[in-house]
$ cat work-v8.csv   # CSV, C-alpha atoms
chain,number,residue,atom,x,y,z
Y,28,MET,CA,-1.6,-8.0,2.3
Y,29,THR,CA,-3.7,-8.9,5.3
Y,30,LEU,CA,-2.7,-5.7,7.0
Y,31,LEU,CA,-3.6,-3.7,3.9
Y,32,ASN,CA,-7.0,-5.4,3.7
Y,33,CYS,CA,-7.7,-4.7,7.4
Y,34,LEU,CA,-6.6,-1.0,7.0
Y,35,LEU,CA,-8.7,-0.4,3.9
Y,36,SER,CA,-11.8,-2.2,5.4
Y,37,ALA,CA,-11.5,-0.2,8.6
Y,38,TRP,CA,-11.2,3.0,6.6
Y,39,TYR,CA,-14.3,2.0,4.6
Y,40,GLY,CA,-16.3,1.5,7.8
Y,41,LEU,CA,-15.6,5.0,9.2
Y,42,PRO,CA,-18.7,7.2,9.4
Y,43,PHE,CA,-17.4,9.9,7.0
Y,44,VAL,CA,-16.8,7.2,4.3
Y,45,SER,CA,-19.7,4.8,4.9
Y,46,PRO,CA,-22.2,5.7,7.6
Y,47,ASN,CA,-23.6,3.0,10.0
Y,48,ASN,CA,-20.7,0.6,9.5
Y,49,ILE,CA,-18.8,1.1,12.8
Y,50,LEU,CA,-18.6,-2.6,13.4
Y,51,VAL,CA,-16.7,-3.0,10.2
Y,52,SER,CA,-14.2,-0.4,11.4
Y,53,THR,CA,-14.0,-2.0,14.9
Y,54,ILE,CA,-13.3,-5.5,13.7
Y,55,ASN,CA,-10.9,-4.6,11.0
Y,56,GLY,CA,-9.2,-1.9,13.1
Y,57,THR,CA,-8.5,-4.5,15.8
Y,58,GLY,CA,-7.1,-6.8,13.1
Y,59,ALA,CA,-4.9,-4.0,11.8
Y,60,VAL,CA,-3.5,-3.3,15.3
Y,61,ILE,CA,-2.8,-7.0,15.9
Y,62,GLU,CA,-1.2,-7.4,12.4
Y,63,SER,CA,0.9,-4.2,13.0
Y,64,ILE,CA,2.2,-5.5,16.3
Y,65,TYR,CA,3.1,-8.8,14.7
Y,66,VAL,CA,4.9,-7.1,11.8
Y,67,VAL,CA,6.8,-4.8,14.1
Y,68,LEU,CA,7.9,-7.7,16.4
Y,69,PHE,CA,9.0,-9.6,13.3
Y,70,ILE,CA,11.0,-6.7,12.1
Y,71,ILE,CA,12.7,-6.3,15.5
Y,72,PHE,CA,13.7,-10.0,15.8
Y,73,ALA,CA,14.2,-11.1,12.2
Y,74,PRO,CA,17.5,-11.7,10.6
Y,75,LYS,CA,18.8,-8.8,8.6
Y,76,LYS,CA,17.9,-10.2,5.1
Y,77,GLU,CA,14.3,-10.9,6.1
Y,78,LYS,CA,14.0,-7.7,8.1
Y,79,ILE,CA,14.8,-5.6,5.0
Y,80,LYS,CA,12.3,-7.5,2.9
Y,81,ILE,CA,9.5,-7.2,5.4
Y,82,LEU,CA,10.3,-3.6,6.1
Y,83,GLY,CA,10.0,-2.8,2.4
Y,84,LEU,CA,6.6,-4.6,2.2
Y,85,PHE,CA,5.4,-2.8,5.3
Y,86,ILE,CA,6.3,0.5,3.8
Y,87,PHE,CA,4.5,-0.5,0.6
Y,88,VAL,CA,1.4,-1.4,2.5
Y,89,LEU,CA,1.4,1.9,4.5
Y,90,THR,CA,2.0,3.9,1.2
Y,91,ALA,CA,-0.8,2.1,-0.6
Y,92,PHE,CA,-3.2,2.8,2.4
Y,93,ALA,CA,-2.1,6.4,2.7
Y,94,THR,CA,-2.7,6.9,-1.1
Y,95,VAL,CA,-6.2,5.5,-0.9
Y,96,ALA,CA,-7.0,7.5,2.2
Y,97,LEU,CA,-5.7,10.8,0.8
Y,98,VAL,CA,-7.4,10.4,-2.6
Y,99,SER,CA,-10.7,9.6,-0.8
Y,100,LEU,CA,-10.4,12.6,1.5
Y,101,LEU,CA,-9.0,15.2,-0.9
Y,102,ALA,CA,-10.6,14.4,-4.2
Y,103,LEU,CA,-13.9,12.7,-3.5
Y,104,ASN,CA,-17.0,13.3,-1.4
Y,105,HIS,CA,-19.9,11.2,-0.1
Y,106,ASN,CA,-21.0,8.5,-2.6
Y,107,PRO,CA,-17.9,8.6,-4.9
Y,108,ARG,CA,-15.8,8.3,-1.7
Y,109,LYS,CA,-17.8,5.3,-0.5
Y,110,LEU,CA,-17.5,3.6,-3.9
Y,111,PHE,CA,-13.8,4.3,-4.3
Y,112,CYS,CA,-12.9,3.0,-0.8
Y,113,GLY,CA,-15.2,0.0,-1.2
Y,114,LEU,CA,-13.6,-0.9,-4.5
Y,115,ALA,CA,-10.1,-0.5,-3.1
Y,116,ALA,CA,-11.0,-2.7,-0.1
Y,117,THR,CA,-12.6,-5.3,-2.4
Y,118,ILE,CA,-9.7,-5.4,-4.9
Y,119,PHE,CA,-7.1,-5.9,-2.1
Y,120,SER,CA,-9.3,-8.4,-0.4
Y,121,ILE,CA,-9.5,-10.5,-3.6
Y,122,ILE,CA,-5.8,-10.2,-4.0
Y,123,MET,CA,-5.3,-11.3,-0.5
Y,124,TYR,CA,-7.5,-14.4,-0.8
Y,125,ALA,CA,-6.1,-15.2,-4.3
Y,126,SER,CA,-2.5,-14.9,-3.4
Y,127,PRO,CA,-2.1,-18.6,-2.1
Y,128,LEU,CA,-3.0,-19.6,-5.7
Y,129,SER,CA,0.3,-18.2,-6.9
Y,130,ILE,CA,2.3,-20.7,-4.8
Y,131,ARG,CA,3.3,-23.7,-6.9
Y,132,GLU,CA,4.1,-27.0,-5.3
Y,133,LEU,CA,7.1,-28.8,-6.7
Y,134,TRP,CA,6.7,-32.6,-6.4

$ encode --input "work-v8.csv" --output "structure tokens"
Amino acid sequence: MTLLNCLLSAWYGLPFVSPNNILVSTINGTGAVIESIYVVLFIIFAPKKEKIKILGLFIFVLTAFATVALVSLLALNHNPRKLFCGLAATIFSIIMYASPLSIRELW
């Protein structure tokens, strides 16, 4: 989820989506590159069972990002695009930060 959050936030910061937010794209784009390297290295060196699971999640993340990017480019313009991309980034950011709450400790 962190990779998806970085990708969506980097997309939101691009000039044709949200002008004057290049720092948002730079920071989150760097985070996305670092995360991608980590995931690819994990996929290369992980045992087969974990490799398949993480590869599936990686494909899901890339598909979700591609869907948001294509919808924003092909169906929306200017302010609706900015709102759509901002909402998508916000929703996945909330999911990312809330996901640790789903872990239950068994005592």

$ closest_residue --input "work-v8.csv" --among "Y:Ile121, Y:Leu110, Y:Val51, Y:Val66" --to "Leu34 in chain Y" --atoms "all atoms listed in the file"
Y:Val51

$ atom_distance --input "work-v8.csv" --atom1 "CA of Ile122 in chain Y" --atom2 "CA of Thr57 in chain Y"
20.8 Å

$ residues_around --input "work-v8.csv" --residues "Gly113 in chain Y" --least-positions-apart "6" --cutoff "12 Å" --atoms "all atoms listed in the file" --output "number ranges by chain"
Y: 32, 34-41, 44-45, 51, 95-96, 99, 106-107, 119-120

$ write_last_selection --input "work-v8.csv" --atoms "C-alpha atoms" --output "mmCIF file, in the frame of the given file"
data_model
loop_
_atom_site.group_PDB
_atom_site.id
_atom_site.type_symbol
_atom_site.label_atom_id
_atom_site.label_comp_id
_atom_site.auth_asym_id
_atom_site.auth_seq_id
_atom_site.Cartn_x
_atom_site.Cartn_y
_atom_site.Cartn_z
ATOM 1 C CA ASN Y 32 -7.000 -5.400 3.700
ATOM 2 C CA LEU Y 34 -6.600 -1.000 7.000
ATOM 3 C CA LEU Y 35 -8.700 -0.400 3.900
ATOM 4 C CA SER Y 36 -11.800 -2.200 5.400
ATOM 5 C CA ALA Y 37 -11.500 -0.200 8.600
ATOM 6 C CA TRP Y 38 -11.200 3.000 6.600
ATOM 7 C CA TYR Y 39 -14.300 2.000 4.600
ATOM 8 C CA GLY Y 40 -16.300 1.500 7.800
ATOM 9 C CA LEU Y 41 -15.600 5.000 9.200
ATOM 10 C CA VAL Y 44 -16.800 7.200 4.300
ATOM 11 C CA SER Y 45 -19.700 4.800 4.900
ATOM 12 C CA VAL Y 51 -16.700 -3.000 10.200
ATOM 13 C CA VAL Y 95 -6.200 5.500 -0.900
ATOM 14 C CA ALA Y 96 -7.000 7.500 2.200
ATOM 15 C CA SER Y 99 -10.700 9.600 -0.800
ATOM 16 C CA ASN Y 106 -21.000 8.500 -2.600
ATOM 17 C CA PRO Y 107 -17.900 8.600 -4.900
ATOM 18 C CA PHE Y 119 -7.100 -5.900 -2.100
ATOM 19 C CA SER Y 120 -9.300 -8.400 -0.400
#

$ atom_distance --input "work-v8.csv" --atom1 "CA of Phe69 in chain Y" --atom2 "CA of Ala93 in chain Y"
22.2 Å

$ closest_residue --input "work-v8.csv" --among "Y:Leu128, Y:Leu103, Y:Cys112, Y:Leu30" --to "Ile61 in chain Y" --atoms "all atoms listed in the file"
Y:Leu30

$ closest_residue --input "work-v8.csv" --among "Y:Leu100, Y:Leu82, Y:Ala125, Y:Ala116" --to "Ser63 in chain Y" --atoms "all atoms listed in the file"
Y:Leu82

$ closest_residue --input "work-v8.csv" --among "Y:Lys109, Y:Tyr124, Y:Phe85, Y:Tyr65" --to "Asn48 in chain Y" --atoms "only C-alpha atoms"
Y:Lys109

$ closest_residue --input "work-v8.csv" --among "Y:Ala59, Y:Ala73, Y:Leu101, Y:Leu50" --to "Val88 in chain Y" --atoms "all atoms listed in the file"
Y:Ala59

$ atom_distance --input "work-v8.csv" --atom1 "CA of Ser129 in chain Y" --atom2 "CA of Leu31 in chain Y"
18.5 Å

$ closest_residue --input "work-v8.csv" --among "Y:Met28, Y:Asn47, Y:Gly56, Y:His105" --to "Ile81 in chain Y" --atoms "only C-alpha atoms"
Y:Met28

$ build_atoms --input "work-v8.csv" --residues "range 28-39 of chain Y" --atoms "all heavy atoms" --output "PDB file, in the coordinates of the input"
ATOM      1  N   MET Y  28      -0.328  -8.398   2.900  1.00  0.00           N
ATOM      2  CA  MET Y  28      -1.600  -8.000   2.300  1.00  0.00           C
ATOM      3  C   MET Y  28      -2.746  -8.042   3.264  1.00  0.00           C
ATOM      4  O   MET Y  28      -3.702  -7.314   3.088  1.00  0.00           O
ATOM      5  CB  MET Y  28      -1.899  -9.008   1.134  1.00  0.00           C
ATOM      6  CG  MET Y  28      -1.187  -8.690  -0.159  1.00  0.00           C
ATOM      7  SD  MET Y  28      -1.622  -7.059  -0.730  1.00  0.00           S
ATOM      8  CE  MET Y  28      -0.250  -6.725  -1.742  1.00  0.00           C
ATOM      9  N   THR Y  29      -2.652  -8.883   4.280  1.00  0.00           N
ATOM     10  CA  THR Y  29      -3.700  -8.900   5.300  1.00  0.00           C
ATOM     11  C   THR Y  29      -3.829  -7.591   5.996  1.00  0.00           C
ATOM     12  O   THR Y  29      -4.939  -7.115   6.254  1.00  0.00           O
ATOM     13  CB  THR Y  29      -3.483 -10.062   6.279  1.00  0.00           C
ATOM     14  OG1 THR Y  29      -3.278 -11.268   5.563  1.00  0.00           O
ATOM     15  CG2 THR Y  29      -4.654 -10.243   7.194  1.00  0.00           C
ATOM     16  N   LEU Y  30      -2.691  -7.008   6.311  1.00  0.00           N
ATOM     17  CA  LEU Y  30      -2.700  -5.700   7.000  1.00  0.00           C
ATOM     18  C   LEU Y  30      -3.345  -4.649   6.117  1.00  0.00           C
ATOM     19  O   LEU Y  30      -4.177  -3.861   6.595  1.00  0.00           O
ATOM     20  CB  LEU Y  30      -1.272  -5.298   7.358  1.00  0.00           C
ATOM     21  CG  LEU Y  30      -1.111  -3.931   8.014  1.00  0.00           C
ATOM     22  CD1 LEU Y  30      -1.900  -3.865   9.309  1.00  0.00           C
ATOM     23  CD2 LEU Y  30       0.352  -3.644   8.274  1.00  0.00           C
ATOM     24  N   LEU Y  31      -3.019  -4.629   4.847  1.00  0.00           N
ATOM     25  CA  LEU Y  31      -3.600  -3.700   3.900  1.00  0.00           C
ATOM     26  C   LEU Y  31      -5.124  -3.870   3.820  1.00  0.00           C
ATOM     27  O   LEU Y  31      -5.895  -2.910   3.823  1.00  0.00           O
ATOM     28  CB  LEU Y  31      -2.958  -3.733   2.552  1.00  0.00           C
ATOM     29  CG  LEU Y  31      -3.425  -2.720   1.515  1.00  0.00           C
ATOM     30  CD1 LEU Y  31      -3.242  -1.294   2.027  1.00  0.00           C
ATOM     31  CD2 LEU Y  31      -2.673  -2.916   0.217  1.00  0.00           C
ATOM     32  N   ASN Y  32      -5.543  -5.112   3.752  1.00  0.00           N
ATOM     33  CA  ASN Y  32      -7.000  -5.400   3.700  1.00  0.00           C
ATOM     34  C   ASN Y  32      -7.680  -4.911   4.947  1.00  0.00           C
ATOM     35  O   ASN Y  32      -8.746  -4.292   4.858  1.00  0.00           O
ATOM     36  CB  ASN Y  32      -7.170  -6.927   3.531  1.00  0.00           C
ATOM     37  CG  ASN Y  32      -8.616  -7.300   3.370  1.00  0.00           C
ATOM     38  OD1 ASN Y  32      -9.385  -6.590   2.738  1.00  0.00           O
ATOM     39  ND2 ASN Y  32      -8.996  -8.406   3.964  1.00  0.00           N
ATOM     40  N   CYS Y  33      -7.091  -5.146   6.119  1.00  0.00           N
ATOM     41  CA  CYS Y  33      -7.700  -4.700   7.400  1.00  0.00           C
ATOM     42  C   CYS Y  33      -7.751  -3.143   7.417  1.00  0.00           C
ATOM     43  O   CYS Y  33      -8.768  -2.566   7.820  1.00  0.00           O
ATOM     44  CB  CYS Y  33      -6.916  -5.194   8.567  1.00  0.00           C
ATOM     45  SG  CYS Y  33      -7.220  -6.919   8.948  1.00  0.00           S
ATOM     46  N   LEU Y  34      -6.665  -2.491   7.011  1.00  0.00           N
ATOM     47  CA  LEU Y  34      -6.600  -1.000   7.000  1.00  0.00           C
ATOM     48  C   LEU Y  34      -7.683  -0.432   6.096  1.00  0.00           C
ATOM     49  O   LEU Y  34      -8.403   0.499   6.474  1.00  0.00           O
ATOM     50  CB  LEU Y  34      -5.239  -0.526   6.641  1.00  0.00           C
ATOM     51  CG  LEU Y  34      -4.139  -0.719   7.672  1.00  0.00           C
ATOM     52  CD1 LEU Y  34      -2.777  -0.393   7.064  1.00  0.00           C
ATOM     53  CD2 LEU Y  34      -4.386   0.136   8.906  1.00  0.00           C
ATOM     54  N   LEU Y  35      -7.779  -0.974   4.885  1.00  0.00           N
ATOM     55  CA  LEU Y  35      -8.700  -0.400   3.900  1.00  0.00           C
ATOM     56  C   LEU Y  35     -10.183  -0.708   4.350  1.00  0.00           C
ATOM     57  O   LEU Y  35     -11.062   0.150   4.197  1.00  0.00           O
ATOM     58  CB  LEU Y  35      -8.480  -1.012   2.531  1.00  0.00           C
ATOM     59  CG  LEU Y  35      -7.214  -0.495   1.849  1.00  0.00           C
ATOM     60  CD1 LEU Y  35      -6.957  -1.260   0.562  1.00  0.00           C
ATOM     61  CD2 LEU Y  35      -7.298   0.998   1.590  1.00  0.00           C
ATOM     62  N   SER Y  36     -10.431  -1.879   4.899  1.00  0.00           N
ATOM     63  CA  SER Y  36     -11.800  -2.200   5.400  1.00  0.00           C
ATOM     64  C   SER Y  36     -12.159  -1.345   6.573  1.00  0.00           C
ATOM     65  O   SER Y  36     -13.306  -0.909   6.697  1.00  0.00           O
ATOM     66  CB  SER Y  36     -11.901  -3.678   5.700  1.00  0.00           C
ATOM     67  OG  SER Y  36     -11.733  -4.449   4.540  1.00  0.00           O
ATOM     68  N   ALA Y  37     -11.196  -1.105   7.466  1.00  0.00           N
ATOM     69  CA  ALA Y  37     -11.500  -0.200   8.600  1.00  0.00           C
ATOM     70  C   ALA Y  37     -11.738   1.197   8.134  1.00  0.00           C
ATOM     71  O   ALA Y  37     -12.630   1.873   8.654  1.00  0.00           O
ATOM     72  CB  ALA Y  37     -10.266  -0.246   9.567  1.00  0.00           C
ATOM     73  N   TRP Y  38     -10.987   1.658   7.140  1.00  0.00           N
ATOM     74  CA  TRP Y  38     -11.200   3.000   6.600  1.00  0.00           C
ATOM     75  C   TRP Y  38     -12.592   3.089   5.940  1.00  0.00           C
ATOM     76  O   TRP Y  38     -13.293   4.076   6.122  1.00  0.00           O
ATOM     77  CB  TRP Y  38     -10.119   3.291   5.537  1.00  0.00           C
ATOM     78  CG  TRP Y  38     -10.210   4.657   4.938  1.00  0.00           C
ATOM     79  CD1 TRP Y  38     -10.708   4.983   3.720  1.00  0.00           C
ATOM     80  CD2 TRP Y  38      -9.799   5.884   5.539  1.00  0.00           C
ATOM     81  NE1 TRP Y  38     -10.625   6.330   3.516  1.00  0.00           N
ATOM     82  CE2 TRP Y  38     -10.074   6.907   4.620  1.00  0.00           C
ATOM     83  CE3 TRP Y  38      -9.221   6.199   6.756  1.00  0.00           C
ATOM     84  CZ2 TRP Y  38      -9.788   8.227   4.896  1.00  0.00           C
ATOM     85  CZ3 TRP Y  38      -8.940   7.527   7.023  1.00  0.00           C
ATOM     86  CH2 TRP Y  38      -9.225   8.526   6.092  1.00  0.00           C
ATOM     87  N   TYR Y  39     -12.980   2.041   5.216  1.00  0.00           N
ATOM     88  CA  TYR Y  39     -14.300   2.000   4.600  1.00  0.00           C
ATOM     89  C   TYR Y  39     -15.421   2.125   5.608  1.00  0.00           C
ATOM     90  O   TYR Y  39     -16.441   2.745   5.361  1.00  0.00           O
ATOM     91  CB  TYR Y  39     -14.464   0.738   3.757  1.00  0.00           C
ATOM     92  CG  TYR Y  39     -15.844   0.572   3.180  1.00  0.00           C
ATOM     93  CD1 TYR Y  39     -16.223   1.279   2.051  1.00  0.00           C
ATOM     94  CD2 TYR Y  39     -16.779  -0.268   3.775  1.00  0.00           C
ATOM     95  CE1 TYR Y  39     -17.504   1.162   1.523  1.00  0.00           C
ATOM     96  CE2 TYR Y  39     -18.052  -0.399   3.253  1.00  0.00           C
ATOM     97  CZ  TYR Y  39     -18.414   0.310   2.133  1.00  0.00           C
ATOM     98  OH  TYR Y  39     -19.674   0.197   1.617  1.00  0.00           O
TER      99      TYR Y  39
END
